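This is final07.cif (mmCIF, C-alpha atoms and all ligand atoms).
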```cif
data_entry
loop_
_atom_site.label_atom_id
_atom_site.label_comp_id
_atom_site.auth_asym_id
_atom_site.auth_seq_id
_atom_site.Cartn_x
_atom_site.Cartn_y
_atom_site.Cartn_z
CA MET B 224 15.49 -45.79 -11.53
CA THR B 225 16.23 -42.21 -10.45
CA HIS B 226 17.23 -39.51 -12.90
CA THR B 227 19.06 -36.21 -12.74
CA PRO B 228 16.70 -33.20 -13.16
CA ASP B 229 17.76 -32.96 -16.83
CA VAL B 230 16.82 -36.55 -17.54
CA ALA B 231 13.53 -36.30 -15.63
CA LEU B 232 12.61 -33.34 -17.83
CA ALA B 233 13.71 -35.15 -20.96
CA LEU B 234 11.42 -38.05 -20.20
CA GLU B 235 8.57 -35.72 -21.12
CA LEU B 236 10.46 -34.46 -24.15
CA GLY B 237 11.30 -37.65 -26.01
CA PRO B 238 13.61 -40.64 -25.96
CA ASP B 239 16.29 -39.15 -28.22
CA LEU B 240 16.82 -36.12 -25.98
CA GLU B 241 16.73 -38.43 -22.98
CA LEU B 242 19.48 -40.53 -24.52
CA ALA B 243 21.52 -37.45 -25.49
CA LEU B 244 21.35 -36.17 -21.90
CA ALA B 245 22.38 -39.58 -20.56
CA MET B 246 25.31 -39.51 -23.01
CA ALA B 247 26.26 -36.08 -21.67
CA ASP B 248 26.22 -37.48 -18.12
CA ALA B 249 28.62 -40.23 -19.22
CA ALA B 250 30.85 -37.72 -21.03
CA ASP B 251 31.01 -35.44 -17.98
CA LEU B 252 32.38 -38.25 -15.82
CA ILE B 253 35.21 -38.98 -18.27
CA THR B 254 36.14 -35.40 -19.10
CA MET B 255 36.04 -34.14 -15.51
CA ASP B 256 38.09 -37.10 -14.30
CA ARG B 257 41.02 -36.05 -16.51
CA PHE B 258 40.57 -32.22 -16.49
CA GLY B 259 43.62 -30.76 -14.81
CA ALA B 260 45.45 -34.09 -14.59
CA LEU B 261 49.22 -33.55 -14.64
CA ASP B 262 49.72 -36.78 -16.62
CA LEU B 263 47.06 -36.01 -19.26
CA VAL B 264 48.17 -37.54 -22.58
CA VAL B 265 48.10 -34.93 -25.38
CA GLU B 266 48.91 -35.70 -29.03
CA THR B 267 49.07 -33.47 -32.09
CA LYS B 268 46.70 -34.35 -34.94
CA PRO B 269 47.71 -34.08 -38.63
CA ASP B 270 46.00 -30.65 -38.76
CA LEU B 271 48.39 -29.61 -35.94
CA THR B 272 45.58 -29.24 -33.37
CA PRO B 273 45.78 -31.08 -30.03
CA VAL B 274 43.75 -34.12 -29.04
CA THR B 275 43.81 -35.66 -25.57
CA GLU B 276 43.11 -39.10 -24.19
CA ALA B 277 39.89 -37.60 -22.79
CA ASP B 278 38.66 -36.52 -26.26
CA LYS B 279 39.17 -40.06 -27.53
CA ALA B 280 37.80 -41.86 -24.46
CA THR B 281 34.70 -39.68 -24.46
CA GLU B 282 33.95 -40.28 -28.13
CA VAL B 283 34.47 -44.05 -27.70
CA ALA B 284 32.09 -44.11 -24.74
CA LEU B 285 29.41 -42.16 -26.61
CA ARG B 286 29.74 -44.37 -29.70
CA THR B 287 29.39 -47.43 -27.46
CA MET B 288 26.16 -46.05 -25.97
CA LEU B 289 24.80 -45.35 -29.45
CA ALA B 290 25.74 -48.82 -30.68
CA GLU B 291 23.75 -50.26 -27.79
CA HIS B 292 20.72 -47.94 -27.83
CA ARG B 293 20.48 -46.82 -31.49
CA PRO B 294 22.28 -49.56 -33.47
CA GLY B 295 20.82 -48.52 -36.84
CA ASP B 296 21.81 -44.86 -36.65
CA SER B 297 24.96 -43.47 -38.28
CA VAL B 298 27.52 -41.55 -36.26
CA LEU B 299 29.92 -38.74 -37.16
CA GLY B 300 32.48 -37.90 -34.50
CA GLU B 301 35.38 -35.49 -34.70
CA GLU B 302 38.01 -38.00 -33.61
CA PHE B 303 36.84 -41.28 -35.21
CA GLY B 304 34.95 -40.16 -38.32
CA THR B 305 31.84 -41.75 -39.80
CA SER B 306 30.11 -45.05 -38.95
CA ASP B 307 27.37 -45.80 -41.46
CA GLY B 308 23.92 -46.90 -40.32
CA SER B 309 20.70 -48.17 -41.83
CA THR B 310 18.40 -45.27 -40.86
CA ALA B 311 18.05 -41.64 -41.97
CA ARG B 312 19.30 -40.61 -38.53
CA ARG B 313 22.84 -39.38 -37.80
CA TRP B 314 24.39 -38.48 -34.45
CA ILE B 315 27.13 -35.84 -34.58
CA ILE B 316 29.59 -35.67 -31.68
CA ASP B 317 32.36 -33.31 -30.66
CA PRO B 318 33.72 -35.07 -27.55
CA ILE B 319 35.49 -31.92 -26.31
CA ASP B 320 34.91 -28.57 -27.97
CA GLY B 321 37.65 -26.27 -26.75
CA THR B 322 40.42 -28.83 -26.41
CA LYS B 323 43.07 -26.09 -26.23
CA ASN B 324 41.27 -24.70 -23.20
CA TYR B 325 40.93 -28.19 -21.70
CA VAL B 326 44.65 -28.83 -22.07
CA ARG B 327 45.59 -25.54 -20.41
CA GLY B 328 43.09 -25.78 -17.52
CA VAL B 329 40.67 -23.12 -18.82
CA PRO B 330 37.14 -24.34 -17.93
CA VAL B 331 35.47 -23.20 -21.17
CA TRP B 332 35.05 -26.53 -22.97
CA ALA B 333 32.06 -28.77 -23.61
CA THR B 334 30.85 -32.05 -25.03
CA LEU B 335 28.55 -31.44 -28.01
CA ILE B 336 25.94 -34.07 -28.97
CA ALA B 337 23.44 -33.69 -31.83
CA LEU B 338 20.94 -35.83 -33.72
CA VAL B 339 20.18 -35.07 -37.36
CA VAL B 340 17.08 -36.60 -38.98
CA ASP B 341 16.53 -36.14 -42.72
CA GLY B 342 19.02 -33.28 -42.73
CA GLU B 343 17.48 -31.36 -39.82
CA VAL B 344 19.16 -31.14 -36.41
CA VAL B 345 16.37 -32.21 -34.05
CA VAL B 346 18.30 -32.65 -30.77
CA GLY B 347 21.24 -30.71 -29.34
CA VAL B 348 23.02 -31.01 -25.99
CA VAL B 349 26.00 -28.91 -24.90
CA SER B 350 27.49 -30.00 -21.58
CA ALA B 351 30.17 -27.87 -19.90
CA PRO B 352 30.77 -29.57 -16.53
CA ALA B 353 33.78 -27.44 -15.54
CA LEU B 354 31.45 -24.43 -15.78
CA ALA B 355 28.72 -26.44 -14.00
CA ARG B 356 26.47 -25.62 -16.98
CA ARG B 357 24.46 -27.57 -19.54
CA TRP B 358 22.16 -26.47 -22.36
CA TRP B 359 19.80 -28.54 -24.51
CA ALA B 360 16.92 -28.42 -27.01
CA ALA B 361 14.86 -30.62 -29.26
CA SER B 362 12.57 -29.50 -32.08
CA GLY B 363 9.50 -27.87 -30.59
CA THR B 364 10.57 -28.12 -26.93
CA GLY B 365 12.16 -24.73 -26.47
CA ALA B 366 15.82 -24.40 -25.44
CA TRP B 367 16.84 -24.95 -21.85
CA GLY B 368 19.84 -24.35 -19.64
CA ARG B 369 20.88 -25.40 -16.18
CA MET B 370 23.47 -23.98 -13.79
CA LEU B 371 24.74 -26.25 -10.99
CA ASP B 372 21.74 -28.11 -9.54
CA ARG B 373 19.28 -25.24 -10.01
CA GLU B 374 16.02 -25.72 -11.88
CA PRO B 375 16.41 -25.55 -15.68
CA VAL B 376 15.50 -22.19 -17.21
CA ARG B 377 14.10 -21.58 -20.67
CA LEU B 378 16.49 -19.72 -22.99
CA GLN B 379 15.44 -16.62 -24.92
CA VAL B 380 17.56 -14.50 -27.24
CA SER B 381 17.94 -10.76 -26.68
CA LEU B 382 15.70 -8.00 -28.04
CA VAL B 383 18.58 -5.77 -29.18
CA ARG B 384 17.54 -4.21 -32.50
CA SER B 385 20.62 -2.30 -33.64
CA LEU B 386 24.13 -3.53 -34.36
CA ASN B 387 25.44 -0.38 -32.69
CA ASP B 388 23.93 -1.65 -29.44
CA ALA B 389 24.98 -5.27 -29.95
CA SER B 390 27.47 -7.39 -28.03
CA LEU B 391 29.69 -9.52 -30.31
CA SER B 392 31.59 -12.71 -29.46
CA TYR B 393 33.98 -14.70 -31.62
CA SER B 394 36.86 -17.11 -31.01
CA ASP B 395 39.92 -15.34 -32.41
CA ALA B 396 41.10 -13.51 -35.55
CA VAL B 397 42.34 -16.67 -37.31
CA GLY B 398 40.68 -17.84 -40.54
CA TRP B 399 38.54 -14.79 -41.35
CA SER B 400 40.57 -13.55 -44.33
CA ALA B 401 39.89 -16.77 -46.27
CA ILE B 402 36.18 -15.92 -46.58
CA THR B 403 35.76 -12.23 -45.82
CA ALA B 404 38.32 -9.48 -46.37
CA THR B 405 37.08 -7.04 -43.73
CA GLY B 406 34.17 -8.90 -42.06
CA LEU B 407 35.72 -9.18 -38.62
CA GLU B 408 36.95 -5.61 -38.67
CA SER B 409 33.51 -4.38 -39.74
CA LEU B 410 31.81 -6.34 -36.95
CA LEU B 411 34.31 -5.06 -34.39
CA ASN B 412 33.82 -1.47 -35.54
CA THR B 413 30.02 -1.62 -35.77
CA THR B 414 29.09 -3.35 -32.52
CA TRP B 415 28.84 -1.84 -29.04
CA ARG B 416 30.90 -4.47 -27.20
CA GLN B 417 33.37 -7.11 -28.31
CA ARG B 418 34.66 -10.15 -26.43
CA ALA B 419 36.18 -13.40 -27.68
CA TYR B 420 34.45 -15.82 -25.31
CA GLY B 421 35.23 -18.51 -27.88
CA ASP B 422 34.24 -22.00 -28.97
CA PHE B 423 30.67 -23.20 -28.22
CA TRP B 424 30.26 -20.47 -25.59
CA SER B 425 29.97 -17.57 -28.06
CA HIS B 426 26.88 -19.14 -29.64
CA ILE B 427 25.31 -20.39 -26.42
CA LEU B 428 25.56 -16.87 -24.98
CA VAL B 429 23.47 -15.68 -27.94
CA ALA B 430 20.83 -18.32 -27.13
CA GLU B 431 20.82 -17.05 -23.53
CA GLY B 432 20.40 -13.43 -24.61
CA ALA B 433 23.70 -12.47 -22.96
CA VAL B 434 25.37 -11.77 -26.33
CA ASP B 435 23.65 -10.66 -29.56
CA VAL B 436 26.01 -11.83 -32.35
CA ALA B 437 28.54 -14.68 -32.54
CA ALA B 438 30.58 -15.64 -35.57
CA GLU B 439 33.27 -18.15 -36.50
CA PRO B 440 34.85 -18.48 -39.95
CA ALA B 441 36.10 -22.09 -39.88
CA LEU B 442 34.04 -24.91 -38.35
CA GLY B 443 33.31 -28.59 -38.89
CA PRO B 444 29.76 -30.01 -38.56
CA TRP B 445 30.62 -31.38 -35.08
CA ASP B 446 31.51 -27.84 -33.90
CA ILE B 447 28.06 -26.46 -34.67
CA ALA B 448 25.42 -29.23 -34.97
CA ALA B 449 24.40 -29.32 -31.29
CA ILE B 450 24.24 -25.54 -31.14
CA ILE B 451 21.74 -25.21 -34.01
CA PRO B 452 18.54 -26.37 -32.23
CA ILE B 453 19.52 -24.56 -29.01
CA VAL B 454 19.86 -21.23 -30.81
CA THR B 455 16.80 -21.80 -32.99
CA GLU B 456 14.53 -22.93 -30.15
CA ALA B 457 15.66 -19.87 -28.15
CA GLY B 458 14.32 -17.66 -30.97
CA GLY B 459 17.64 -16.94 -32.69
CA ARG B 460 19.05 -17.60 -36.15
CA ILE B 461 22.17 -19.48 -37.15
CA THR B 462 23.52 -19.79 -40.71
CA ALA B 463 26.78 -19.84 -42.61
CA PHE B 464 28.21 -16.39 -43.49
CA ASP B 465 26.48 -16.59 -46.91
CA GLY B 466 23.11 -17.56 -45.44
CA ARG B 467 23.33 -21.28 -46.22
CA PRO B 468 22.56 -23.83 -43.46
CA ALA B 469 25.28 -23.67 -40.82
CA LEU B 470 25.73 -27.44 -40.83
CA GLU B 471 26.96 -27.35 -44.44
CA GLY B 472 28.65 -23.97 -44.59
CA GLY B 473 31.98 -24.52 -42.83
CA CYS B 474 31.40 -21.35 -40.79
CA ALA B 475 28.63 -19.95 -38.63
CA VAL B 476 27.02 -16.70 -37.61
CA THR B 477 24.49 -16.74 -34.76
CA THR B 478 22.25 -13.82 -33.90
CA ASN B 479 19.10 -12.94 -31.99
CA GLY B 480 17.30 -13.10 -35.35
CA VAL B 481 16.52 -9.37 -35.55
CA LEU B 482 20.16 -8.59 -36.36
CA HIS B 483 20.78 -11.50 -38.74
CA GLY B 484 20.18 -9.67 -42.03
CA SER B 485 22.38 -6.73 -41.01
CA VAL B 486 25.21 -9.05 -39.96
CA LEU B 487 25.04 -11.10 -43.20
CA ASN B 488 25.04 -7.90 -45.27
CA LEU B 489 28.09 -6.71 -43.41
CA LEU B 490 29.90 -10.02 -43.93
CA ARG B 491 28.90 -10.14 -47.62
CA SER B 492 29.64 -6.54 -48.51
CA ASP B 493 33.40 -6.92 -48.73
CA ARG B 494 33.74 -10.11 -50.76
C1 LIG B 501 37.51 -25.77 -32.21
C2 LIG B 501 36.45 -24.86 -31.70
C3 LIG B 501 36.68 -23.44 -32.15
C4 LIG B 501 36.87 -23.30 -33.64
C5 LIG B 501 37.92 -24.27 -34.13
C6 LIG B 501 37.63 -25.68 -33.69
P1 LIG B 501 38.01 -28.16 -30.96
O1 LIG B 501 37.14 -27.09 -31.83
O2 LIG B 501 35.18 -25.28 -32.17
O3 LIG B 501 35.60 -22.63 -31.76
O4 LIG B 501 37.24 -21.99 -33.93
O5 LIG B 501 37.96 -24.21 -35.53
O6 LIG B 501 38.64 -26.54 -34.13
O7 LIG B 501 39.18 -28.55 -31.80
O8 LIG B 501 38.40 -27.51 -29.69
O9 LIG B 501 37.00 -29.24 -30.82
CA CA B 502 35.05 -28.27 -31.79
CA CA B 503 36.83 -31.37 -30.39
#
```

Written form, structure tokens:
Amino acid sequence: MTHTPDVALALELGPDLELALAMADAADLITMDRFGALDLVVETKPDLTPVTEADKATEVALRTMLAEHRPGDSVLGEEFGTSDGSTARRWIIDPIDGTKNYVRGVPVWATLIALVVDGEVVVGVVSAPALARRWWAASGTGAWGRMLDREPVRLQVSLVRSLNDASLSYSDAVGWSAITATGLESLLNTTWRQRAYGDFWSHILVAEGAVDVAAEPALGPWDIAAIIPIVTEAGGRITAFDGRPALEGGCAVTTNGVLHGSVLNLLRSDR
């Protein structure tokens, strides 16, 4: 059996990361097959956000792989909810993060796959095939990223020490006022550079050291689970705006670690 470079590396890193990377390979085939299709089927969910046939087909395929390879584990997916298991292990899946981009032909979207054991996210894979990029981490392995078919590189957050020198990324201005009156404005006014790269990409750029602060005010666990070990293993910090674990907080702020306290103070100071 031959493996992609990611899978060959994962063989040394553990069977759960190996499986998660194989799941990402399967997801990439489905999502790329329908990306840009003129007859892509798009529906509107009850929360008025779009979902495509590719979101659903990807989640079904990943759940099928988990049922075969990890039948006792529970699964939480954005599109099909929770399947209970018999172990303390839960897989969390966002089949396409950035569906609005996917629908419009913008290549910034990714499949997010995470494994949580006893409340800790121990595996995370973010696969963005339209960018020809993938990032992954497991507890204690470091965080890794690959571009095209180049060798994987180890991720490391930036060394920027002052918010005045920091590059900020977020998704958009929606949802901030519900949890912080002037938090976004304060971040925009305090940082050196501001760009809304959006979705998973804001946080992954922090793990890569390309951005120093990323923040989003309204997230589900599937939006952030896979990102947690990648940021942490790259030396960064990720929490909710109030410092609680990001998986439970409904929002997330990611930093290079050095800046985390300053950013939380800034987000807290106006509530
Ligand atoms: C969205 C993205 C985005 C966040 C939204 C989510 P989706 O996910 O994660 O960054 O701001 O709240 O709904 O719907 O494209 O998977
Ligand atoms: Ca998402
Ligand atoms: Ca999604």

>> Let me see if you get this right: every residue at most 9 Å from ligand CA 503 (chain B), counting all atoms listed in the file, written as a PyMOL selection string.
In response: chain B and resi 273-274+278+300-302+316-322+333-335+445-446

Go ahead and save the residues from that selection, with C-alpha atoms, as a PDB file, in the frame of the given file.
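Everything below was put into out-v9.pdb:
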```pdb
ATOM      1  CA  PRO B 273      45.780 -31.080 -30.030  1.00  0.00           C
ATOM      2  CA  VAL B 274      43.750 -34.120 -29.040  1.00  0.00           C
ATOM      3  CA  ASP B 278      38.660 -36.520 -26.260  1.00  0.00           C
ATOM      4  CA  GLY B 300      32.480 -37.900 -34.500  1.00  0.00           C
ATOM      5  CA  GLU B 301      35.380 -35.490 -34.700  1.00  0.00           C
ATOM      6  CA  GLU B 302      38.010 -38.000 -33.610  1.00  0.00           C
ATOM      7  CA  ILE B 316      29.590 -35.670 -31.680  1.00  0.00           C
ATOM      8  CA  ASP B 317      32.360 -33.310 -30.660  1.00  0.00           C
ATOM      9  CA  PRO B 318      33.720 -35.070 -27.550  1.00  0.00           C
ATOM     10  CA  ILE B 319      35.490 -31.920 -26.310  1.00  0.00           C
ATOM     11  CA  ASP B 320      34.910 -28.570 -27.970  1.00  0.00           C
ATOM     12  CA  GLY B 321      37.650 -26.270 -26.750  1.00  0.00           C
ATOM     13  CA  THR B 322      40.420 -28.830 -26.410  1.00  0.00           C
ATOM     14  CA  ALA B 333      32.060 -28.770 -23.610  1.00  0.00           C
ATOM     15  CA  THR B 334      30.850 -32.050 -25.030  1.00  0.00           C
ATOM     16  CA  LEU B 335      28.550 -31.440 -28.010  1.00  0.00           C
ATOM     17  CA  TRP B 445      30.620 -31.380 -35.080  1.00  0.00           C
ATOM     18  CA  ASP B 446      31.510 -27.840 -33.900  1.00  0.00           C
TER      19      ASP B 446
END
```

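Counting all atoms listed in the file, the residue from B:Ala353, B:Cys474, B:Ala396, B:Met370 that sits nearest to Pro444 (chain B) is B:Cys474.
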
>> Could you check the closest approach to ligand CA 502 (chain B) for each of B:Gly421, B:Gly237, B:Gly295, B:Gly328 and tell me which residue wins, using only C-alpha atoms and all ligand atoms?
In response: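 Answer, going by the shortest atom-to-atom distance: B:Gly421.
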
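Interatomic distance, CA of Arg286 (chain B) against CA of Ala337 (chain B): 12.6 Å.
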
>> What does the structure give for the distance between CA of Arg293 (chain B) and CA of Asp341 (chain B), in Å to one decimal?
In response: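 About the pair CA of Arg293 (chain B) and CA of Asp341 (chain B): they are 16.0 Å apart.
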
> If you measure from CA of Val339 (chain B) to CA of Gly443 (chain B), what distance in Å do you get, rounded to one decimal?
Replying inline: 14.7 Å

Take region 404-431 of chain B, bring it up to N, CA and C atoms, and give me the output as a compact mmCIF listing (two decimals), in the frame of the given file.
```txt
# COMPACT_ATOMS: atom_id res chain seq x y z
N ALA B 404 37.13 -10.32 -46.46
CA ALA B 404 38.32 -9.48 -46.37
C ALA B 404 38.29 -8.59 -45.13
N THR B 405 37.15 -7.98 -44.85
CA THR B 405 37.08 -7.04 -43.73
C THR B 405 35.92 -7.34 -42.78
N GLY B 406 35.36 -8.56 -42.85
CA GLY B 406 34.17 -8.90 -42.06
C GLY B 406 34.37 -8.76 -40.57
N LEU B 407 35.49 -9.27 -40.07
CA LEU B 407 35.72 -9.18 -38.62
C LEU B 407 35.90 -7.73 -38.20
N GLU B 408 36.71 -7.02 -38.99
CA GLU B 408 36.95 -5.61 -38.67
C GLU B 408 35.64 -4.82 -38.67
N SER B 409 34.79 -5.09 -39.67
CA SER B 409 33.51 -4.38 -39.74
C SER B 409 32.64 -4.69 -38.53
N LEU B 410 32.60 -5.97 -38.14
CA LEU B 410 31.81 -6.34 -36.95
C LEU B 410 32.36 -5.67 -35.70
N LEU B 411 33.69 -5.67 -35.57
CA LEU B 411 34.31 -5.06 -34.39
C LEU B 411 34.01 -3.56 -34.33
N ASN B 412 34.02 -2.92 -35.51
CA ASN B 412 33.82 -1.47 -35.54
C ASN B 412 32.36 -1.06 -35.42
N THR B 413 31.44 -1.98 -35.74
CA THR B 413 30.02 -1.62 -35.77
C THR B 413 29.31 -1.92 -34.46
N THR B 414 29.79 -2.92 -33.73
CA THR B 414 29.09 -3.35 -32.52
C THR B 414 29.48 -2.52 -31.30
N TRP B 415 28.64 -2.61 -30.28
CA TRP B 415 28.84 -1.84 -29.04
C TRP B 415 29.95 -2.46 -28.17
N ARG B 416 29.96 -3.80 -28.09
CA ARG B 416 30.90 -4.47 -27.20
C ARG B 416 31.46 -5.69 -27.90
N GLN B 417 32.72 -5.99 -27.65
CA GLN B 417 33.37 -7.11 -28.31
C GLN B 417 34.15 -7.91 -27.28
N ARG B 418 33.91 -9.23 -27.28
CA ARG B 418 34.66 -10.15 -26.43
C ARG B 418 34.82 -11.46 -27.18
N ALA B 419 35.98 -12.10 -27.05
CA ALA B 419 36.18 -13.40 -27.68
C ALA B 419 35.97 -14.48 -26.61
N TYR B 420 34.71 -14.76 -26.30
CA TYR B 420 34.45 -15.82 -25.31
C TYR B 420 34.84 -17.19 -25.88
N GLY B 421 34.65 -17.37 -27.17
CA GLY B 421 35.23 -18.51 -27.88
C GLY B 421 34.42 -19.79 -27.87
N ASP B 422 34.76 -20.63 -28.86
CA ASP B 422 34.24 -22.00 -28.97
C ASP B 422 32.70 -22.01 -28.90
N PHE B 423 32.13 -23.08 -28.32
CA PHE B 423 30.67 -23.20 -28.22
C PHE B 423 30.06 -22.02 -27.46
N TRP B 424 30.82 -21.44 -26.54
CA TRP B 424 30.26 -20.47 -25.59
C TRP B 424 29.73 -19.21 -26.27
N SER B 425 30.44 -18.76 -27.33
CA SER B 425 29.97 -17.57 -28.06
C SER B 425 28.51 -17.74 -28.48
N HIS B 426 28.22 -18.90 -29.07
CA HIS B 426 26.88 -19.14 -29.64
C HIS B 426 25.84 -19.40 -28.56
N ILE B 427 26.24 -20.11 -27.52
CA ILE B 427 25.31 -20.39 -26.42
C ILE B 427 24.92 -19.08 -25.72
N LEU B 428 25.87 -18.16 -25.60
CA LEU B 428 25.56 -16.87 -24.98
C LEU B 428 24.52 -16.10 -25.79
N VAL B 429 24.53 -16.29 -27.12
CA VAL B 429 23.47 -15.68 -27.94
C VAL B 429 22.12 -16.31 -27.59
N ALA B 430 22.09 -17.64 -27.48
CA ALA B 430 20.83 -18.32 -27.13
C ALA B 430 20.32 -17.85 -25.78
N GLU B 431 21.23 -17.51 -24.87
CA GLU B 431 20.82 -17.05 -23.53
C GLU B 431 20.42 -15.58 -23.50
```
